[in-house]
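Trainee: Contents of model-v4.txt (compact mmCIF, C-alpha atoms):
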```txt
# COMPACT_ATOMS: atom_id res chain seq x y z
CA MET K 1 154.07 123.81 65.95
CA ASN K 2 157.29 122.03 66.97
CA PHE K 3 158.53 120.10 70.01
CA ASP K 4 159.77 123.29 71.68
CA ASP K 5 156.24 124.69 71.39
CA ILE K 6 154.87 121.46 72.87
CA GLN K 7 157.32 121.66 75.76
CA SER K 8 156.38 125.28 76.36
CA LEU K 9 152.64 124.46 76.21
CA TRP K 10 153.18 121.58 78.61
CA ASN K 11 155.10 123.71 81.10
CA LYS K 12 152.43 126.39 81.05
CA ASP K 13 149.49 123.98 81.35
CA ASP K 14 148.29 123.93 84.94
CA GLY K 15 146.46 120.67 84.31
CA GLY K 16 142.95 122.00 84.76
CA LYS K 17 141.38 124.72 86.83
CA GLY K 18 138.30 122.68 87.56
CA VAL K 19 140.01 119.72 89.24
CA VAL K 20 138.46 119.12 92.62
CA VAL K 21 140.37 117.13 95.23
CA PRO K 22 138.04 115.32 97.65
CA ASP K 23 138.19 116.53 101.24
CA ASN K 24 138.23 112.95 102.51
CA LEU K 25 139.23 109.65 101.02
CA GLU K 26 136.02 107.82 101.84
CA LYS K 27 134.45 109.49 98.83
CA ILE K 28 136.91 107.79 96.52
CA ARG K 29 136.22 104.30 95.29
CA ALA K 30 138.22 102.39 92.73
CA ALA K 31 136.32 100.75 89.92
CA HIS K 32 138.18 100.71 86.64
CA HIS K 33 141.53 99.25 87.48
CA PRO K 34 141.39 95.69 86.08
CA VAL K 35 142.53 94.33 89.41
CA ASP K 36 139.68 96.11 91.20
CA LYS K 37 137.20 94.90 88.61
CA ILE K 38 138.43 91.37 89.27
CA ARG K 39 138.13 91.97 92.99
CA LYS K 40 134.55 93.14 92.52
CA THR K 41 133.68 90.05 90.45
CA MET K 42 135.39 87.86 93.07
CA ARG K 43 133.32 89.43 95.86
CA HIS K 44 130.08 88.74 93.97
CA GLU K 45 131.09 85.19 93.18
CA ALA K 46 132.19 84.52 96.76
CA LEU K 47 128.81 85.69 98.05
CA THR K 48 126.91 83.61 95.49
CA GLN K 49 128.97 80.55 96.33
CA LEU K 50 128.50 81.00 100.05
CA ILE K 51 124.72 81.08 99.58
CA ALA K 52 124.90 78.05 97.25
CA VAL K 53 126.99 76.05 99.75
CA ILE K 54 124.58 76.85 102.62
CA LEU K 55 121.54 75.90 100.53
CA ALA K 56 123.25 72.72 99.32
CA GLY K 57 123.70 71.72 102.98
CA PHE K 58 119.93 71.39 103.37
CA TRP K 59 119.30 69.60 100.11
CA GLY K 60 120.64 66.28 101.38
CA ARG K 61 117.78 66.02 103.88
CA TYR K 62 115.29 65.69 101.05
CA MET K 63 116.89 62.73 99.31
CA GLU K 64 114.66 59.80 98.42
CA SER K 65 116.65 57.23 100.39
CA ALA K 66 118.85 57.13 103.48
CA ILE K 67 121.77 55.71 101.46
CA MET K 68 121.51 58.63 99.05
CA SER K 69 121.54 61.11 101.96
CA VAL K 70 124.71 59.49 103.33
CA ILE K 71 126.41 59.58 99.93
CA TYR K 72 125.24 63.15 99.42
CA TYR K 73 126.73 64.33 102.72
CA CYS K 74 130.00 62.49 102.04
CA LEU K 75 130.34 64.36 98.76
CA TYR K 76 129.12 67.55 100.40
CA GLY K 77 131.96 67.24 102.92
CA VAL K 78 134.48 66.87 100.09
CA MET K 79 132.94 69.89 98.34
CA LEU K 80 133.06 71.92 101.56
CA ALA K 81 136.74 71.09 102.10
CA THR K 82 137.50 71.99 98.46
CA CYS K 83 135.60 75.28 98.78
CA VAL K 84 137.37 76.20 102.04
CA TYR K 85 140.77 75.48 100.48
CA TYR K 86 140.14 77.52 97.34
CA SER K 87 138.36 80.32 99.20
CA TYR K 88 141.43 80.70 101.40
CA ARG K 89 143.70 80.82 98.35
CA PHE K 90 141.42 83.38 96.69
CA TYR K 91 141.27 85.47 99.84
CA ARG K 92 145.08 85.64 100.00
CA PHE K 93 145.20 86.50 96.33
CA TYR K 94 142.48 89.15 96.81
CA ARG K 95 144.45 90.82 99.62
CA ARG K 96 147.65 90.88 97.60
CA LEU K 97 146.24 92.56 94.49
CA GLY K 98 146.85 96.25 93.89
CA THR K 99 148.89 98.89 92.15
CA SER K 100 152.55 98.82 93.00
CA VAL K 101 155.43 101.26 92.94
CA LEU K 102 157.50 98.93 90.80
CA SER K 103 158.65 99.98 87.35
CA ALA K 104 155.95 99.90 84.67
CA LYS K 105 157.32 96.65 83.23
CA GLU K 106 157.51 94.87 86.59
CA HIS K 107 154.06 96.17 87.50
CA LEU K 108 152.54 94.91 84.26
CA TYR K 109 154.20 91.50 84.65
CA GLU K 110 152.99 91.28 88.24
CA VAL K 111 149.39 92.18 87.31
CA TYR K 112 149.48 89.84 84.31
CA TYR K 113 150.77 86.82 86.22
CA ASP K 114 148.49 87.49 89.19
CA ILE K 115 145.46 87.47 86.90
CA GLU K 116 146.72 84.42 85.04
CA LEU K 117 147.30 82.55 88.30
CA HIS K 118 143.84 83.50 89.51
CA ILE K 119 142.27 82.24 86.29
CA GLU K 120 144.08 78.91 86.60
CA MET K 121 142.97 78.54 90.23
CA TYR K 122 139.42 79.41 89.24
CA ARG K 123 139.51 76.87 86.42
CA SER K 124 140.82 74.04 88.60
CA TRP K 125 138.24 74.82 91.31
CA THR K 126 135.40 74.80 88.77
CA TYR K 127 136.53 71.45 87.36
CA ALA K 128 136.89 69.98 90.85
CA LEU K 129 133.31 71.02 91.64
CA MET K 130 132.13 69.72 88.28
CA MET K 131 133.59 66.27 89.00
CA LEU K 132 131.90 66.23 92.41
CA GLY K 133 128.61 67.24 90.79
CA LEU K 134 128.90 64.46 88.23
CA GLY K 135 129.76 61.96 90.96
CA LEU K 136 126.70 63.05 92.91
CA ALA K 137 124.45 62.81 89.85
CA THR K 138 125.77 59.32 89.09
CA THR K 139 125.20 57.99 92.59
CA TYR K 140 121.78 59.67 92.65
CA ILE K 141 120.76 57.82 89.50
CA LEU K 142 122.28 54.52 90.60
CA THR K 143 120.58 54.56 94.00
CA LYS K 144 117.20 55.60 92.59
CA PRO K 145 114.70 52.85 93.56
CA GLY K 146 114.10 50.52 90.65
CA PHE K 147 116.90 51.86 88.45
CA MET K 148 119.19 48.85 88.70
CA GLN K 149 116.27 46.49 88.18
CA ALA K 150 115.43 48.40 85.00
CA VAL K 151 118.98 48.05 83.75
CA GLY K 152 119.01 44.33 84.43
CA THR K 153 122.03 42.10 84.81
CA ALA K 154 123.67 42.71 81.44
CA VAL K 155 124.48 46.17 80.09
CA SER K 156 124.08 46.40 76.34
CA ALA K 157 126.53 48.19 74.05
CA TRP K 158 123.80 50.70 73.25
CA THR K 159 123.36 51.55 76.95
CA VAL K 160 127.14 51.96 77.36
CA PHE K 161 127.15 54.28 74.34
CA LYS K 162 124.29 56.34 75.81
CA ILE K 163 126.00 56.65 79.23
CA VAL K 164 129.33 57.68 77.69
CA SER K 165 127.57 60.15 75.37
CA VAL K 166 125.70 61.79 78.23
CA PHE K 167 128.93 62.24 80.21
CA VAL K 168 130.85 63.57 77.21
CA VAL K 169 128.09 66.06 76.36
CA VAL K 170 127.62 67.23 79.96
CA ILE K 171 131.35 67.62 80.57
CA GLY K 172 131.82 69.28 77.18
CA TRP K 173 129.04 71.74 77.93
CA CYS K 174 130.48 72.52 81.39
CA VAL K 175 133.95 73.08 79.92
CA VAL K 176 132.61 75.43 77.23
CA ALA K 177 130.48 77.33 79.78
CA THR K 178 133.43 77.64 82.20
CA GLU K 179 135.81 78.86 79.50
CA LEU K 180 133.28 81.39 78.20
CA TRP K 181 132.63 82.65 81.74
CA ILE K 182 136.36 82.99 82.44
CA ARG K 183 136.89 84.79 79.14
CA MET K 184 133.99 87.14 79.82
CA CYS K 185 134.86 87.95 83.46
CA TYR K 186 138.65 87.80 83.53
CA GLY K 187 140.14 86.89 80.16
CA LYS K 188 139.48 90.25 78.54
CA TYR K 189 141.64 92.01 81.15
CA LEU K 190 144.41 89.48 80.67
CA LYS K 191 144.33 90.00 76.91
CA GLU K 192 144.43 93.78 77.28
CA ILE K 193 147.32 93.69 79.75
CA LYS K 194 149.24 91.27 77.54
CA LYS K 195 148.89 93.78 74.71
CA ILE K 196 150.30 96.58 76.89
CA LYS K 197 153.03 94.27 78.23
CA ASP K 198 154.10 93.53 74.66
CA GLU K 199 154.48 97.26 74.00
CA LEU K 200 157.45 97.22 76.38
CA LYS K 201 159.36 94.59 74.44
CA ASP K 202 162.70 95.61 72.99
CA VAL K 203 162.43 97.25 69.61
CA GLN K 204 164.91 96.51 66.83
CA MET J 1 145.60 108.03 110.66
CA LYS J 2 143.62 111.25 110.16
CA ASN J 3 146.85 113.27 110.12
CA ARG J 4 148.36 110.95 107.56
CA GLU J 5 145.23 111.28 105.43
CA GLN J 6 145.36 115.08 105.64
CA GLU J 7 149.07 115.07 104.80
CA PHE J 8 148.32 112.86 101.78
CA LEU J 9 145.48 115.08 100.61
CA ALA J 10 147.73 118.12 100.91
CA HIS J 11 150.25 116.39 98.61
CA ILE J 12 147.44 115.63 96.16
CA ALA J 13 146.20 119.23 96.24
CA THR J 14 149.72 120.42 95.40
CA ASN J 15 150.10 117.90 92.58
CA LYS J 16 146.54 117.80 91.24
CA GLY J 17 147.56 119.65 88.07
CA ILE J 18 150.14 117.10 87.04
CA ILE J 19 147.81 114.19 87.87
CA HIS J 20 145.17 115.78 85.69
CA LYS J 21 147.69 116.15 82.86
CA ILE J 22 148.23 112.37 83.02
CA CYS J 23 144.44 111.88 82.91
CA LYS J 24 144.18 114.12 79.85
CA MET J 25 146.91 112.14 78.11
CA TYR J 26 145.16 108.83 78.74
CA MET J 27 141.45 109.65 78.49
CA ASP J 28 139.57 111.69 75.93
CA THR J 29 136.33 112.64 77.67
CA ALA J 30 135.90 114.74 80.80
CA ASP J 31 133.99 111.92 82.55
CA ASP J 32 136.71 109.37 81.86
CA GLN J 33 139.40 111.84 82.94
CA GLN J 34 137.54 112.39 86.21
CA ASP J 35 137.22 108.62 86.73
CA LEU J 36 140.93 108.14 86.10
CA PHE J 37 141.78 111.01 88.45
CA GLN J 38 139.80 109.33 91.23
CA GLU J 39 141.36 105.99 90.46
CA ILE J 40 144.88 107.44 90.61
CA VAL J 41 144.18 109.14 93.94
CA TYR J 42 142.71 105.89 95.26
CA GLN J 43 145.73 103.84 94.13
CA LEU J 44 148.13 106.47 95.49
CA TRP J 45 146.44 106.30 98.88
CA LYS J 46 146.59 102.50 98.85
CA SER J 47 150.32 102.66 98.10
CA TYR J 48 151.05 105.62 100.37
CA GLY J 49 152.66 103.34 102.93
CA SER J 50 155.42 102.56 100.42
CA PHE J 51 156.32 106.25 100.02
CA GLN J 52 159.69 106.96 101.58
CA GLU J 53 159.99 110.51 102.85
CA GLN J 54 163.59 110.75 101.66
CA SER J 55 162.53 110.49 98.01
CA ARG J 56 160.55 113.18 96.21
CA PHE J 57 156.78 112.80 96.40
CA SER J 58 156.47 113.58 92.68
CA THR J 59 158.90 110.81 91.67
CA TRP J 60 156.97 108.24 93.68
CA MET J 61 153.65 109.65 92.51
CA TYR J 62 154.53 109.49 88.80
CA ARG J 63 155.26 105.78 89.07
CA VAL J 64 152.02 104.87 90.80
CA ALA J 65 149.94 107.26 88.68
CA LEU J 66 151.35 105.99 85.39
CA ASN J 67 151.14 102.35 86.49
CA THR J 68 147.47 103.00 87.22
CA ALA J 69 146.81 104.91 84.00
CA ILE J 70 148.51 102.29 81.82
CA VAL J 71 146.12 99.54 82.96
CA PHE J 72 143.04 101.70 83.49
CA PHE J 73 140.00 100.72 81.44
CA LYS J 74 137.14 102.99 80.54
CA LYS J 75 133.63 102.23 81.65
CA GLU J 76 132.22 99.84 79.02
CA ARG J 77 129.19 102.01 78.35
CA ARG J 78 131.45 104.91 77.38
CA GLN J 79 133.84 102.93 75.21
CA LEU J 80 131.85 103.38 72.03
CA GLN J 81 131.75 107.15 72.34
CA THR J 82 134.22 109.12 70.28
CA SER J 83 135.80 112.45 70.97
CA ASP J 84 136.33 113.60 67.43
CA VAL J 85 134.08 116.55 68.05
CA MET J 86 135.64 119.31 70.08
CA PRO J 87 133.68 119.95 73.29
CA GLU J 88 131.48 123.03 72.90
CA HIS J 89 133.05 124.97 75.76
CA LEU J 90 136.48 124.39 74.26
CA ALA J 91 135.35 125.37 70.84
CA GLU J 92 133.99 128.66 72.12
CA GLU J 93 136.44 129.65 74.82
CA GLU J 94 139.68 128.22 73.61
CA ARG J 95 139.60 129.26 70.01
CA SER J 96 140.24 132.74 71.33
CA SER J 97 143.67 131.62 72.39
CA GLU J 98 145.91 129.96 69.84
CA LYS J 99 148.00 128.43 72.62
CA GLU J 100 144.97 126.80 74.21
CA LEU J 101 143.89 125.44 70.87
CA GLN J 102 147.36 124.02 70.27
CA LEU J 103 147.22 122.40 73.69
CA TYR J 104 143.85 120.86 72.87
CA HIS J 105 145.26 119.41 69.63
CA PHE J 106 148.38 118.21 71.41
CA TYR J 107 146.30 116.22 73.93
CA LYS J 108 144.07 114.93 71.16
CA ALA J 109 147.14 113.61 69.33
CA VAL J 110 148.74 112.16 72.50
CA GLN J 111 145.52 110.28 73.29
CA GLN J 112 146.04 108.29 70.10
CA LEU J 113 149.47 107.02 71.12
CA GLU J 114 149.93 103.56 72.67
CA ARG J 115 149.69 103.44 76.47
CA VAL J 116 153.42 102.94 77.00
CA GLU J 117 154.24 105.68 74.47
CA LYS J 118 152.11 108.08 76.50
CA ALA J 119 154.12 107.27 79.63
CA ILE J 120 157.38 107.82 77.73
CA MET J 121 156.13 111.12 76.36
CA PHE J 122 155.04 112.19 79.87
CA TYR J 123 158.47 111.51 81.36
CA HIS J 124 160.12 113.26 78.41
CA LEU J 125 157.98 116.37 78.89
CA GLU J 126 158.83 116.29 82.60
CA ASN J 127 162.50 116.50 81.51
CA TYR J 128 163.49 112.99 82.53
CA SER J 129 166.65 111.68 80.86
CA HIS J 130 166.65 108.49 78.75
CA ARG J 131 168.26 106.69 81.71
CA GLU J 132 165.53 107.85 84.10
CA ILE J 133 162.76 106.98 81.64
CA ALA J 134 164.30 103.52 81.23
CA ASP J 135 164.51 103.02 85.03
CA ASN J 136 160.91 104.03 85.57
CA LEU J 137 159.59 101.82 82.81
CA GLY J 138 161.90 98.90 83.55
CA ILE J 139 163.40 98.78 80.06
CA SER J 140 166.89 99.35 78.66
CA GLU J 141 168.15 102.86 77.96
CA GLY J 142 168.51 102.08 74.26
CA ASN J 143 164.95 100.79 74.13
CA ALA J 144 163.70 103.95 75.88
CA ARG J 145 165.57 106.12 73.35
CA VAL J 146 164.14 104.25 70.35
CA LYS J 147 160.62 104.24 71.78
CA LEU J 148 160.78 107.95 72.55
CA ASN J 149 161.91 108.76 69.02
CA ARG J 150 159.14 106.62 67.57
CA ALA J 151 156.56 108.23 69.85
CA LYS J 152 157.73 111.69 68.81
CA THR J 153 157.53 110.80 65.11
CA LYS J 154 154.07 109.38 65.61
CA LEU J 155 152.96 112.43 67.57
CA LYS J 156 154.27 114.71 64.85
CA GLU J 157 152.24 112.83 62.22
CA LEU J 158 149.12 112.92 64.36
CA ILE J 159 149.43 116.66 64.88
CA LYS J 160 149.99 117.16 61.16
CA GLN J 161 146.81 115.21 60.47
CA GLN J 162 144.97 117.80 62.53
CA GLY J 163 146.07 120.49 60.09
CA TYR J 164 149.13 121.88 61.88
CA GLU J 165 152.46 122.56 60.27
CA PHE J 166 155.19 120.67 62.09
```
Take the structure in this file and express it as structure tokens.
Mentor:
Amino acid sequence: MNFDDIQSLWNKDDGGKGVVVPDNLEKIRAAHHPVDKIRKTMRHEALTQLIAVILAGFWGRYMESAIMSVIYYCLYGVMLATCVYYSYRFYRFYRRLGTSVLSAKEHLYEVYYDIELHIEMYRSWTYALMMLGLGLATTYILTKPGFMQAVGTAVSAWTVFKIVSVFVVVIGWCVVATELWIRMCYGKYLKEIKKIKDELKDVQ
Amino acid sequence: MKNREQEFLAHIATNKGIIHKICKMYMDTADDQQDLFQEIVYQLWKSYGSFQEQSRFSTWMYRVALNTAIVFFKKERRQLQTSDVMPEHLAEEERSSEKELQLYHFYKAVQQLERVEKAIMFYHLENYSHREIADNLGISEGNARVKLNRAKTKLKELIKQQGYEF
């Protein structure tokens, strides 16, 4: 075999006799393009978050004290505003994603930076929600009847150490969980596309 | 809208062979090739608005199809499968024709190239010049020339490994 044979084989190959073209486009659904996989994950997450936000709206009514309910709804308002802002950004990003007619290099760079931007937005949103959650947990504990009396007037070094440790561990756990989730849902596509993008680099 | 859809599907019917060739270069199993075919048609339809009638449909189609194929990922559950064994129907039917067998081994070798190398090889086989390959990939002409030579050398080695004289 030589390259002339390959060219001749290629020219004669009709591609496949058994290829069936659908008679309408509704039968065709994308699923394996990384961007569409990301879109699918985004749709699922958006739905889950919508349900979580609605349910969280009722939770404040069951707080143990009126002051806690007020604090809860203040933080809930901040969370709602944050969610609306990020949801809008994600929606715009979601609409923009797709395969383009740019050159392969430009297309790969576009997909890569779109995914990277999305990951950064996702990360900042998660950390914003995490801080709100921690703020809520703190106020919940502080306003719990009898808590301040139990602490007393002076806070010992041991208590300070315990409080700091709890926050460090909780935040550390949230960061690890967020990073693992991002890597599992989005990072693998980014890594794969980076690999392909690097194939286009100039060779010496 | 319906007319536009029918016009698009007519283009696809005319070019289905070449789209399937791309699928065979990028995917090794029939199921994955079918998935990629569907994905390419889906992405082509999504981008159809950007097709300018004054340019050739095939030129526009190659770009979108290869951009899709380059970043297409197999279904996870199929990723562990290998295609080292020749499909039974090929083994029976195509051994009768040396040319068909050569074609099978050619695709098997091409599937082992890097994703960008496959695109370069596709354009080369479609008789694109180095300049045109470079324009479509967004790289320099010199880079396209070097990459094509490397891809050809690699392909030659892969075909040799399958027991063919080259």
Trainee: What lies within 9 Å of stretch 63-69 of chain K using all atoms listed in the file, ignoring chain neighbours under 4 positions off, as a ChimeraX atom specification?
Mentor: /K:59,73-74,139-140,143-145
Trainee: Please save C-alpha atoms of the selected residues as a PDB file, keeping the file's coordinate frame.
Mentor:
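selection06.pdb, written as the output of this step:
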```
ATOM      1  CA  TRP K  59     119.300  69.600 100.110  1.00  0.00           C
ATOM      2  CA  TYR K  73     126.730  64.330 102.720  1.00  0.00           C
ATOM      3  CA  CYS K  74     130.000  62.490 102.040  1.00  0.00           C
ATOM      4  CA  THR K 139     125.200  57.990  92.590  1.00  0.00           C
ATOM      5  CA  TYR K 140     121.780  59.670  92.650  1.00  0.00           C
ATOM      6  CA  THR K 143     120.580  54.560  94.000  1.00  0.00           C
ATOM      7  CA  LYS K 144     117.200  55.600  92.590  1.00  0.00           C
ATOM      8  CA  PRO K 145     114.700  52.850  93.560  1.00  0.00           C
TER       9      PRO K 145
END
```
Trainee: Rank nothing, just name the residue among J:Thr68, J:Gln33, J:Asn3, J:Ser58 nearest to K:Leu108, using only C-alpha atoms.
Mentor: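 So, comparing all the options, the nearest one is J:Thr68.
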Trainee: Near stretch 172-181 of chain K, within 12 Å and counting all atoms listed in the file, which residues show up once chain neighbours fewer than 4 positions away are dropped, as a compact mmCIF listing (two decimals) with C-alpha atoms, in the coordinates of the input?
Mentor:
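around28.txt, written as the output of this step:
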```txt
# COMPACT_ATOMS: atom_id res chain seq x y z
CA THR K 41 133.68 90.05 90.45
CA GLU K 45 131.09 85.19 93.18
CA ILE K 119 142.27 82.24 86.29
CA GLU K 120 144.08 78.91 86.60
CA TYR K 122 139.42 79.41 89.24
CA ARG K 123 139.51 76.87 86.42
CA SER K 124 140.82 74.04 88.60
CA TRP K 125 138.24 74.82 91.31
CA THR K 126 135.40 74.80 88.77
CA TYR K 127 136.53 71.45 87.36
CA ALA K 128 136.89 69.98 90.85
CA LEU K 129 133.31 71.02 91.64
CA MET K 130 132.13 69.72 88.28
CA MET K 131 133.59 66.27 89.00
CA GLY K 133 128.61 67.24 90.79
CA LEU K 134 128.90 64.46 88.23
CA VAL K 164 129.33 57.68 77.69
CA SER K 165 127.57 60.15 75.37
CA VAL K 166 125.70 61.79 78.23
CA PHE K 167 128.93 62.24 80.21
CA VAL K 168 130.85 63.57 77.21
CA CYS K 185 134.86 87.95 83.46
CA TYR K 186 138.65 87.80 83.53
CA GLY K 187 140.14 86.89 80.16
CA LYS K 188 139.48 90.25 78.54
```
Trainee: Can you work out which residues from chain J touch chain K at a cut-off of 6 Å (counting all atoms listed in the file) and hand them back as a count of residues only?
Mentor: 15
Trainee: Skip K:Tyr76 itself and residues of its chain fewer than 4 positions away, then list as a ChimeraX atom specification all residues within 9 Å of it, counting all atoms listed in the file.
Mentor: /K:53,56-57,60,71-72,80-81,132
Trainee: In Å to one decimal, how far is atom CA of K:Leu117 from atom CA of K:Arg89?
Mentor: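 It comes out at 10.8 Å.
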Trainee: Measuring atom to atom with all atoms listed in the file, identify which of J:Asn15, J:Arg150, J:Glu157, J:Tyr104 is nearest to J:Trp60.
Mentor: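 Nearest to J:Trp60: J:Asn15.
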Trainee: So which residues touch J:Asp28 within 8 Å, counting only C-alpha atoms, skipping near sequence neighbours fewer than 4 positions away, as a ChimeraX atom specification?
Mentor: /J:24,32-33,83,108,111
Trainee: For atom CA of K:Tyr86 and atom CA of K:Leu47, determine how far apart the two atoms are, in Å to one decimal place.
Mentor: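 Computing the Euclidean distance for atom CA of K:Tyr86 and atom CA of K:Leu47 yields 14.0 Å.
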Trainee: Report the distance between atom CA of J:Ala144 and atom CA of J:Tyr62 in Å, rounded to one decimal place.
Mentor: 16.8 Å
Trainee: Counting only C-alpha atoms, which residues come within 8 Å of (148.2, 101.6, 77.3), with the point read in the file's coordinates, and could you list them as a compact mmCIF listing (two decimals) with C-alpha atoms, keeping the file's coordinate frame?
Mentor:
```
# COMPACT_ATOMS: atom_id res chain seq x y z
CA ILE K 196 150.30 96.58 76.89
CA TYR J 26 145.16 108.83 78.74
CA ALA J 69 146.81 104.91 84.00
CA ILE J 70 148.51 102.29 81.82
CA VAL J 71 146.12 99.54 82.96
CA GLU J 114 149.93 103.56 72.67
CA ARG J 115 149.69 103.44 76.47
CA VAL J 116 153.42 102.94 77.00
CA GLU J 117 154.24 105.68 74.47
CA LYS J 118 152.11 108.08 76.50
```
Trainee: With distances taken over only C-alpha atoms, which of J:Trp45, J:Val146, J:Ala109, J:Ile19 is nearest to J:Ala65?
Mentor: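 For J:Ala65, the nearest of the candidates is J:Ile19.
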Trainee: Take every atom of stretch 182-196 of chain K listed in the file, pad by 8 Å on each side, and give me the axis-aligned box centre and edge lengths in Å, one decimal, as AutoDock Vina command-line options.
Mentor:
```
--center_x 142.1 --center_y 89.8 --center_z 79.1 --size_x 32.3 --size_y 29.6 --size_z 24.8
```
Trainee: Could stretch 14-30 of chain J be completed with N, CA and C atoms and written as a compact mmCIF listing (two decimals), keeping the file's coordinate frame, please?
Mentor:
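Below is the file part20.txt, written as the result:
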```txt
# COMPACT_ATOMS: atom_id res chain seq x y z
N THR J 14 148.55 119.77 96.02
CA THR J 14 149.72 120.42 95.40
C THR J 14 149.98 119.87 94.00
N ASN J 15 149.75 118.57 93.84
CA ASN J 15 150.10 117.90 92.58
C ASN J 15 148.90 117.60 91.68
N LYS J 16 147.75 118.17 92.01
CA LYS J 16 146.54 117.80 91.24
C LYS J 16 146.67 118.15 89.75
N GLY J 17 147.39 119.24 89.46
CA GLY J 17 147.56 119.65 88.07
C GLY J 17 148.28 118.61 87.25
N ILE J 18 149.35 118.08 87.79
CA ILE J 18 150.14 117.10 87.04
C ILE J 18 149.38 115.78 86.91
N ILE J 19 148.61 115.43 87.96
CA ILE J 19 147.81 114.19 87.87
C ILE J 19 146.77 114.36 86.76
N HIS J 20 146.19 115.55 86.72
CA HIS J 20 145.17 115.78 85.69
C HIS J 20 145.77 115.79 84.28
N LYS J 21 147.02 116.21 84.18
CA LYS J 21 147.69 116.15 82.86
C LYS J 21 147.80 114.69 82.41
N ILE J 22 148.14 113.81 83.36
CA ILE J 22 148.23 112.37 83.02
C ILE J 22 146.85 111.89 82.54
N CYS J 23 145.81 112.31 83.27
CA CYS J 23 144.44 111.88 82.91
C CYS J 23 144.08 112.36 81.51
N LYS J 24 144.49 113.58 81.18
CA LYS J 24 144.18 114.12 79.85
C LYS J 24 144.96 113.41 78.75
N MET J 25 146.13 112.89 79.10
CA MET J 25 146.91 112.14 78.11
C MET J 25 146.27 110.77 77.84
N TYR J 26 145.67 110.20 78.88
CA TYR J 26 145.16 108.83 78.74
C TYR J 26 143.68 108.73 78.37
N MET J 27 142.89 109.72 78.74
CA MET J 27 141.45 109.65 78.49
C MET J 27 140.97 110.85 77.67
N ASP J 28 139.98 110.59 76.81
CA ASP J 28 139.57 111.69 75.93
C ASP J 28 138.33 112.46 76.40
N THR J 29 137.51 111.89 77.23
CA THR J 29 136.33 112.64 77.67
C THR J 29 136.51 113.10 79.11
N ALA J 30 135.79 114.18 79.45
CA ALA J 30 135.90 114.74 80.80
C ALA J 30 135.49 113.71 81.87
```
